[in-house]
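Have a look at the structure below before the remarks.
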Amino acid sequence: MYPSAPTPTVVLVHGAFADAAVWIGVIAELRGCGIPVIAPPNPLRGLVSDAAYLASVVSQIDGPVVLVGHSYGGALITVAGEAENVVGLVYVAAFMPYEGESIGELWGRFPDSPLTTHLKERTYPTHLLVDGDLAVEVTIDEAAFPSVFAADVSEDISTVLAAAQRPIAAVAFTDKASAAAWRTKPSWALVAGADRAINPDVQRFGAQRAGAVVLELPDASHAVALSEPKQVAGLIRDAVRATS
């Protein structure tokens, strides 16, 4: 008999306004099934540099990898998923851009979500700029965060998330995807039907264009990985089984 294929390592990639803690329930579910999983930090400094960072993480993993991206993390796995050892892609309430397309362009195809009216800009220094110029990053207004990002999560948790949110560089919305790994690799997509951060129609469009296997949770918010970890982990398990 031939030896069985190794179980892919699941790499969970968080999106904007959050950190890897959003995956806590999903990690517990996957590890409970014996699936190897890591959740590296997402720098949130722009699609080009963030995807390069993720690709570096993936290149140092022995064996096959299933990439899972939430929100903006979906754009990262779309690009970094070109790595040879990536065998599947799972999108969780996420952007799925085409090669040469920015998430801003993809977002702009559909009516704005409530998120767009609750973004706050601030500046930060970067060595890439000269003459004292500052780059722009955005966060969600703290008072609006629970309803926009985590409407189906307890108030105790959503208010902590609001206080601890991580800003994303504005350039992340205009950087163009250099590849679209979903064109050649199998994909799965969870659509959060009550998402007020990314219009669910953006998610449905991307999933249909990619020919992804789709799971839709009609009442799920953008924080679906926190509110529905069993459902999210179940879709990831499907991807792991299909690619093992």
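Ordered as shown in the structure tokens, chains take letters A, B, and onward, while each chain numbers its residues from 1 and ligands are numbered from 1 in the order shown.
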Kindly provide the residues of region 29-141 of chain A that approach region 218-221 of chain A to within 12 Å, each paired with its closest atom pair and their distance in Å to one decimal, based on only C-alpha atoms, listed by chain and increasing number, as a tab-separated table.
residue	atom	partner	partner_atom	distance
A:Ser71	CA	A:Ser221	CA	11.5
A:Val92	CA	A:Ser221	CA	11.0
A:Ala93	CA	A:Ser221	CA	8.6
A:Ala94	CA	A:Ser221	CA	11.9
Would you tabulate, counting only C-alpha atoms, all residues of region 23-98 of chain A that have an atom at most 8 Å from an atom of region 175-194 of chain A, showing the closest pair of atoms and their distance in Å to one decimal, sorted by chain then ascending number, as a Markdown table?
| residue | atom | partner | partner_atom | distance |
| --- | --- | --- | --- | --- |
| A:Gly46 | CA | A:Asp175 | CA | 6.8 |
| A:Leu47 | CA | A:Asp175 | CA | 5.7 |
| A:Val48 | CA | A:Asp175 | CA | 6.7 |
| A:Ala75 | CA | A:Ala177 | CA | 7.3 |
| A:Ile77 | CA | A:Ala181 | CA | 7.8 |
| A:Thr78 | CA | A:Ala180 | CA | 5.1 |
| A:Val79 | CA | A:Ala179 | CA | 4.9 |
| A:Ala80 | CA | A:Ala181 | CA | 7.7 |
| A:Gly81 | CA | A:Ala181 | CA | 5.2 |
| A:Glu82 | CA | A:Ala181 | CA | 5.2 |
| A:Val87 | CA | A:Lys185 | CA | 6.5 |
| A:Gly88 | CA | A:Pro186 | CA | 5.2 |
| A:Leu89 | CA | A:Ser187 | CA | 4.6 |
| A:Val90 | CA | A:Trp188 | CA | 4.7 |
| A:Tyr91 | CA | A:Ala189 | CA | 4.5 |
| A:Val92 | CA | A:Leu190 | CA | 4.9 |
| A:Ala93 | CA | A:Val191 | CA | 5.3 |
| A:Ala94 | CA | A:Val191 | CA | 8.0 |
| A:Pro97 | CA | A:Ala177 | CA | 6.7 |
| A:Tyr98 | CA | A:Ala180 | CA | 5.4 |
Selection from above, N, CA, C and O atoms, as an mmCIF file, in the first residue's frame, can you write it?
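Result file is selection_5.cif:
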data_model
loop_
_atom_site.group_PDB
_atom_site.id
_atom_site.type_symbol
_atom_site.label_atom_id
_atom_site.label_comp_id
_atom_site.auth_asym_id
_atom_site.auth_seq_id
_atom_site.Cartn_x
_atom_site.Cartn_y
_atom_site.Cartn_z
ATOM 1 N N GLY A 46 -0.205 46.660 3.705
ATOM 2 C CA GLY A 46 -0.432 46.750 2.267
ATOM 3 C C GLY A 46 -0.378 45.376 1.636
ATOM 4 O O GLY A 46 0.373 44.497 2.092
ATOM 5 N N LEU A 47 -1.152 45.179 0.577
ATOM 6 C CA LEU A 47 -1.287 43.857 -0.031
ATOM 7 C C LEU A 47 0.047 43.314 -0.536
ATOM 8 O O LEU A 47 0.344 42.130 -0.367
ATOM 9 N N VAL A 48 0.860 44.157 -1.130
ATOM 10 C CA VAL A 48 2.127 43.681 -1.695
ATOM 11 C C VAL A 48 3.036 43.137 -0.597
ATOM 12 O O VAL A 48 3.502 41.997 -0.662
ATOM 13 N N ALA A 75 -7.559 38.542 0.438
ATOM 14 C CA ALA A 75 -6.723 39.075 -0.638
ATOM 15 C C ALA A 75 -5.302 38.533 -0.523
ATOM 16 O O ALA A 75 -4.649 38.221 -1.528
ATOM 17 N N ILE A 77 -4.304 35.591 0.822
ATOM 18 C CA ILE A 77 -4.186 34.187 0.419
ATOM 19 C C ILE A 77 -4.372 34.036 -1.083
ATOM 20 O O ILE A 77 -3.861 33.087 -1.679
ATOM 21 N N THR A 78 -5.082 34.969 -1.699
ATOM 22 C CA THR A 78 -5.247 34.949 -3.153
ATOM 23 C C THR A 78 -3.901 35.090 -3.854
ATOM 24 O O THR A 78 -3.648 34.447 -4.873
ATOM 25 N N VAL A 79 -3.031 35.927 -3.303
ATOM 26 C CA VAL A 79 -1.702 36.147 -3.891
ATOM 27 C C VAL A 79 -0.706 35.107 -3.400
ATOM 28 O O VAL A 79 -0.041 34.426 -4.189
ATOM 29 N N ALA A 80 -0.586 34.947 -2.077
ATOM 30 C CA ALA A 80 0.387 34.011 -1.510
ATOM 31 C C ALA A 80 0.042 32.562 -1.827
ATOM 32 O O ALA A 80 0.907 31.685 -1.767
ATOM 33 N N GLY A 81 -1.211 32.315 -2.188
ATOM 34 C CA GLY A 81 -1.645 30.962 -2.516
ATOM 35 C C GLY A 81 -1.009 30.382 -3.757
ATOM 36 O O GLY A 81 -1.174 29.200 -4.052
ATOM 37 N N GLU A 82 -0.262 31.193 -4.496
ATOM 38 C CA GLU A 82 0.475 30.692 -5.655
ATOM 39 C C GLU A 82 1.623 29.774 -5.241
ATOM 40 O O GLU A 82 2.158 29.046 -6.071
ATOM 41 N N VAL A 87 -2.349 23.876 -1.271
ATOM 42 C CA VAL A 87 -3.216 22.938 -1.994
ATOM 43 C C VAL A 87 -4.684 23.333 -1.959
ATOM 44 O O VAL A 87 -5.511 22.730 -2.658
ATOM 45 N N GLY A 88 -5.040 24.337 -1.155
ATOM 46 C CA GLY A 88 -6.430 24.771 -1.090
ATOM 47 C C GLY A 88 -6.539 26.124 -0.424
ATOM 48 O O GLY A 88 -5.655 26.552 0.325
ATOM 49 N N LEU A 89 -7.634 26.814 -0.710
ATOM 50 C CA LEU A 89 -7.889 28.163 -0.210
ATOM 51 C C LEU A 89 -9.280 28.212 0.397
ATOM 52 O O LEU A 89 -10.250 27.756 -0.220
ATOM 53 N N VAL A 90 -9.386 28.777 1.601
ATOM 54 C CA VAL A 90 -10.682 28.937 2.252
ATOM 55 C C VAL A 90 -10.871 30.410 2.593
ATOM 56 O O VAL A 90 -10.034 31.015 3.265
ATOM 57 N N TYR A 91 -11.973 30.978 2.121
ATOM 58 C CA TYR A 91 -12.283 32.389 2.327
ATOM 59 C C TYR A 91 -13.420 32.513 3.330
ATOM 60 O O TYR A 91 -14.481 31.914 3.157
ATOM 61 N N VAL A 92 -13.190 33.310 4.380
ATOM 62 C CA VAL A 92 -14.182 33.480 5.441
ATOM 63 C C VAL A 92 -14.590 34.952 5.481
ATOM 64 O O VAL A 92 -13.816 35.804 5.901
ATOM 65 N N ALA A 93 -15.813 35.244 4.988
ATOM 66 C CA ALA A 93 -16.278 36.631 4.903
ATOM 67 C C ALA A 93 -15.180 37.506 4.326
ATOM 68 O O ALA A 93 -14.788 38.517 4.906
ATOM 69 N N ALA A 94 -14.685 37.123 3.159
ATOM 70 C CA ALA A 94 -13.422 37.666 2.666
ATOM 71 C C ALA A 94 -13.509 38.218 1.246
ATOM 72 O O ALA A 94 -14.400 37.882 0.463
ATOM 73 N N PRO A 97 -10.040 38.920 -4.738
ATOM 74 C CA PRO A 97 -9.756 39.719 -5.926
ATOM 75 C C PRO A 97 -9.227 38.886 -7.088
ATOM 76 O O PRO A 97 -8.700 37.783 -6.894
ATOM 77 N N TYR A 98 -9.362 39.432 -8.263
ATOM 78 C CA TYR A 98 -8.799 38.851 -9.484
ATOM 79 C C TYR A 98 -7.399 39.410 -9.666
ATOM 80 O O TYR A 98 -7.054 40.466 -9.105
#
**Prompt:** Of the residues A:Val26, A:Val11, A:Met96, A:Ile103, which is the one nearest to Val58 (chain A), using only C-alpha atoms?
**Reply:**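 Once distances to Val58 (chain A) are computed over only C-alpha atoms, the minimum belongs to A:Val11.
Put simply, CA of Thr159 (chain A) is 19.4 Å away from CA of Thr116 (chain A).
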**Request:** Write down as a ChimeraX atom specification the residues of region 102-214 of chain A whose backbone DSSP state falls under strand (DSSP E).
**Result:** /A:119-124,135-140,168-169,187-192,213-214
**Prompt:** From the list A:Ala143, A:Ile27, A:Val10, A:Leu217, which residue is nearest Pro64 (chain A) when using only C-alpha atoms?
**Reply:**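 When distances to Pro64 (chain A) are compared using only C-alpha atoms, the smallest one comes from A:Val10.
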**Message:** Restricting the calculation to only C-alpha atoms: of A:Ala51, A:Val66, A:Leu134, A:Val57, which residue gets closest to Thr7 (chain A)?
**Reply:** A:Val66
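Of note, CA of Gln231 (chain A) and CA of Leu30 (chain A) are spaced 11.2 Å apart.
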**Item:** Atomic separation - CA of Asn42 (chain A) relative to CA of Asn199 (chain A), Å
**Value:**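 Taking CA of Asn199 (chain A) as the start and CA of Asn42 (chain A) as the end point, the length is 22.2 Å.
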